[in-house]
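Scroll down for the structure; my scribbles are underneath it.
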Amino acid sequence: MGTNTASPGRIALGLTALTAQRVIRHPGRATRAVLGSALVAESGADARAFVREGLDRILGWASRLAAPRIIDEMLPHLEKRVVPELVDAAMPLVRARVIPAIIEDLIDSPLVQTLLLEQSRSVVSHAADQLRDATEKADGRVEDMVHNLVHRGRGR
Amino acid sequence: MAASPYAGLVSRSVALVLDGLVVTLLVLIVATLPEAAWSSLSPRTVPRWLDGATSVIAIAVPLLYFAALWAMTGQTAGGLAAGTVVEHRDGHRLSFPHALARAVIGLAFAPLWVVGMLFIVASSERRAWHDLLTHTDVRYAARRGPARRRG
């Protein structure tokens, strides 16, 4: 006894045959269907072009005229109200978390430590140099003064 | 007057004053800190041995301060600030016994040391009495960086 199986190939062939039969039976309907689908495709492309063109116009208008006006009108409001409120709201957080973290990073940073050390050394070295200059000059002046006194004493 | 590599009266006096301050501070710390620590840790009075030991150390601190620094670097803290260095007359660093002898003479006869320093202005090599006695010179320390005119 033979089996009655329907493979996908057979189903496709069957459907194609059925469609061909319908086209043959009703040629007017088939023509209208083809024409209709072409019309729908053409109308869709026109609609997309129309929408795109409209959006471009709106965006152009917005960037040329609307956006600058909006920004100009918003800026004072932003400066007077929004930004101060944001700053006031953010400052406690910044003080509590951000600044200590930055200070810790700075304290731990070898580069900053080196810079501070160099700066301190430079200040101490500069002060020592000034002291040495002053005392060296004073050495010479004191001796000159004593020698002058001695010479005057001998002259008399 | 011609420039001299020997340190003059003012430089050496400044160094001496600064060293005096440093030594006074060190002696105060050594003399008071152990007794203060004992008093805070123990309810009993400070024992005599601690009192005696701190006195001995307080006397030794100035001697060790000057002797050790002169022998090691030729410069005390005051000398470092004023830019003076103590050397043997032949230009070498002082040995520790030599530096100790200079320190003992200076501290034992401090008034004479000060008076003897006045002799610096009369000496062509800016030597004080104790320099003549201990065969030492006090010169300006070499500086880092570009050389500057002295005098």
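FYI, nothing fancy with the structure tokens labels: chains A, B, ... in order, residues from 1 per chain, ligands from 1 as they appear.
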
List every residue of region 35-100 of chain B that DSSP, applied to the backbone of this structure, places in alpha helix (DSSP H), and write the result as a PyMOL selection string.
chain B and resi 35-41+48-72+77-82+96-100

Test item: residues at most 9 Å from Ala99 (chain B), only C-alpha atoms, excluding those fewer than 4 positions along its chain, as a list in words:
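What passes the distance filter is Phe66, Ala67, Ala68, Leu69, Trp70, Ala71, Leu94, Ser95, Ala103, Val104 and Thr134 of chain B.
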
Taking the DSSP secondary structure from the backbone, can you list the residues of region 70-149 of chain B that are strand (DSSP E), as JSON, numbers by chain?
{"B": [84, 85, 86, 87, 88, 136, 137, 138, 139, 140]}

Which residues of chain B sit at most 6 Å from chain A, using only C-alpha atoms? Give each one's shortest atom pair and distance in Å (one decimal place), in chain and ascending residue order, as JSON lines.
```
{"residue": "B:Gly8", "atom": "CA", "partner": "A:Asp139", "partner_atom": "CA", "distance": 4.8}
{"residue": "B:Leu9", "atom": "CA", "partner": "A:Asp139", "partner_atom": "CA", "distance": 5.8}
{"residue": "B:Val10", "atom": "CA", "partner": "A:Asp139", "partner_atom": "CA", "distance": 5.2}
{"residue": "B:Ser11", "atom": "CA", "partner": "A:Thr135", "partner_atom": "CA", "distance": 5.0}
{"residue": "B:Ala81", "atom": "CA", "partner": "A:Ala128", "partner_atom": "CA", "distance": 5.5}
{"residue": "B:Ala82", "atom": "CA", "partner": "A:Arg132", "partner_atom": "CA", "distance": 5.2}
{"residue": "B:Gly83", "atom": "CA", "partner": "A:Arg132", "partner_atom": "CA", "distance": 5.8}
{"residue": "B:Val121", "atom": "CA", "partner": "A:Glu143", "partner_atom": "CA", "distance": 5.5}
{"residue": "B:Gly151", "atom": "CA", "partner": "A:Gly140", "partner_atom": "CA", "distance": 5.3}
```

Output file for the selection above: N, CA and C atoms, as a PDB file, in the first residue's frame:
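Saved the output as part-v1.pdb:
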```pdb
ATOM      1  N   GLY B   8      83.878  85.342  58.267  1.00  0.00           N
ATOM      2  CA  GLY B   8      84.132  86.490  59.131  1.00  0.00           C
ATOM      3  C   GLY B   8      83.344  86.473  60.423  1.00  0.00           C
ATOM      4  N   LEU B   9      83.493  87.562  61.160  1.00  0.00           N
ATOM      5  CA  LEU B   9      82.913  87.643  62.504  1.00  0.00           C
ATOM      6  C   LEU B   9      81.387  87.510  62.494  1.00  0.00           C
ATOM      7  N   VAL B  10      80.740  88.198  61.558  1.00  0.00           N
ATOM      8  CA  VAL B  10      79.266  88.195  61.568  1.00  0.00           C
ATOM      9  C   VAL B  10      78.728  86.807  61.231  1.00  0.00           C
ATOM     10  N   SER B  11      79.282  86.208  60.181  1.00  0.00           N
ATOM     11  CA  SER B  11      78.812  84.865  59.794  1.00  0.00           C
ATOM     12  C   SER B  11      78.989  83.881  60.942  1.00  0.00           C
ATOM     13  N   ALA B  81      73.174  77.072  58.200  1.00  0.00           N
ATOM     14  CA  ALA B  81      72.353  78.245  57.865  1.00  0.00           C
ATOM     15  C   ALA B  81      73.228  79.430  57.461  1.00  0.00           C
ATOM     16  N   ALA B  82      74.323  79.628  58.180  1.00  0.00           N
ATOM     17  CA  ALA B  82      75.172  80.791  57.904  1.00  0.00           C
ATOM     18  C   ALA B  82      76.197  80.510  56.804  1.00  0.00           C
ATOM     19  N   GLY B  83      76.295  79.231  56.393  1.00  0.00           N
ATOM     20  CA  GLY B  83      77.197  78.897  55.297  1.00  0.00           C
ATOM     21  C   GLY B  83      78.649  78.851  55.704  1.00  0.00           C
ATOM     22  N   VAL B 121      88.541  89.843  63.405  1.00  0.00           N
ATOM     23  CA  VAL B 121      88.652  91.042  62.559  1.00  0.00           C
ATOM     24  C   VAL B 121      90.095  91.524  62.444  1.00  0.00           C
ATOM     25  N   GLY B 151      82.387  88.939  49.801  1.00  0.00           N
ATOM     26  CA  GLY B 151      83.001  90.147  50.345  1.00  0.00           C
ATOM     27  C   GLY B 151      82.024  91.219  50.657  1.00  0.00           C
TER      28      GLY B 151
END
```

Which polymer residues have any atom within 7 Å of an atom of Gly74 (chain B), counting only C-alpha atoms, with same-chain residues fewer than 5 positions away left out, as number ranges by chain?
B: 69, 85-87, 93

What does the distance between CA of Pro92 (chain A) and CA of Gln113 (chain A) come to in Å, to one decimal place?
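Interatomic distance, CA of Pro92 (chain A) to CA of Gln113 (chain A): 28.1 Å.
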
Do a neighbour search on Leu21 (chain B) at 12 Å with only C-alpha atoms, toss out local chain neighbours closer than 6 positions, and write the hits as a PyMOL selection string.
chain B and resi 14-15+27-28+62+76-78

Using C-alpha atoms, can you write the selected residues to a file as a PDB file, in the first residue's frame?
```
ATOM      1  CA  VAL B  14      75.180  84.171  63.477  1.00  0.00           C
ATOM      2  CA  ALA B  15      76.127  80.490  63.317  1.00  0.00           C
ATOM      3  CA  VAL B  27      69.057  70.302  76.392  1.00  0.00           C
ATOM      4  CA  LEU B  28      65.567  71.335  77.451  1.00  0.00           C
ATOM      5  CA  PRO B  62      76.090  70.105  73.592  1.00  0.00           C
ATOM      6  CA  THR B  76      76.479  72.419  62.660  1.00  0.00           C
ATOM      7  CA  ALA B  77      72.908  73.596  62.114  1.00  0.00           C
ATOM      8  CA  GLY B  78      74.024  77.182  62.620  1.00  0.00           C
TER       9      GLY B  78
END
```

Work out how far apart CA of Ile105 (chain B) and CA of Arg143 (chain B) are and give it in Å to one decimal.
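Interatomic distance here is 29.5 Å.
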
Interatomic distance, CA of Arg126 (chain B) to CA of Arg12 (chain B) (Å, one decimal):
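That distance, rounded to one decimal, is 10.2 Å.
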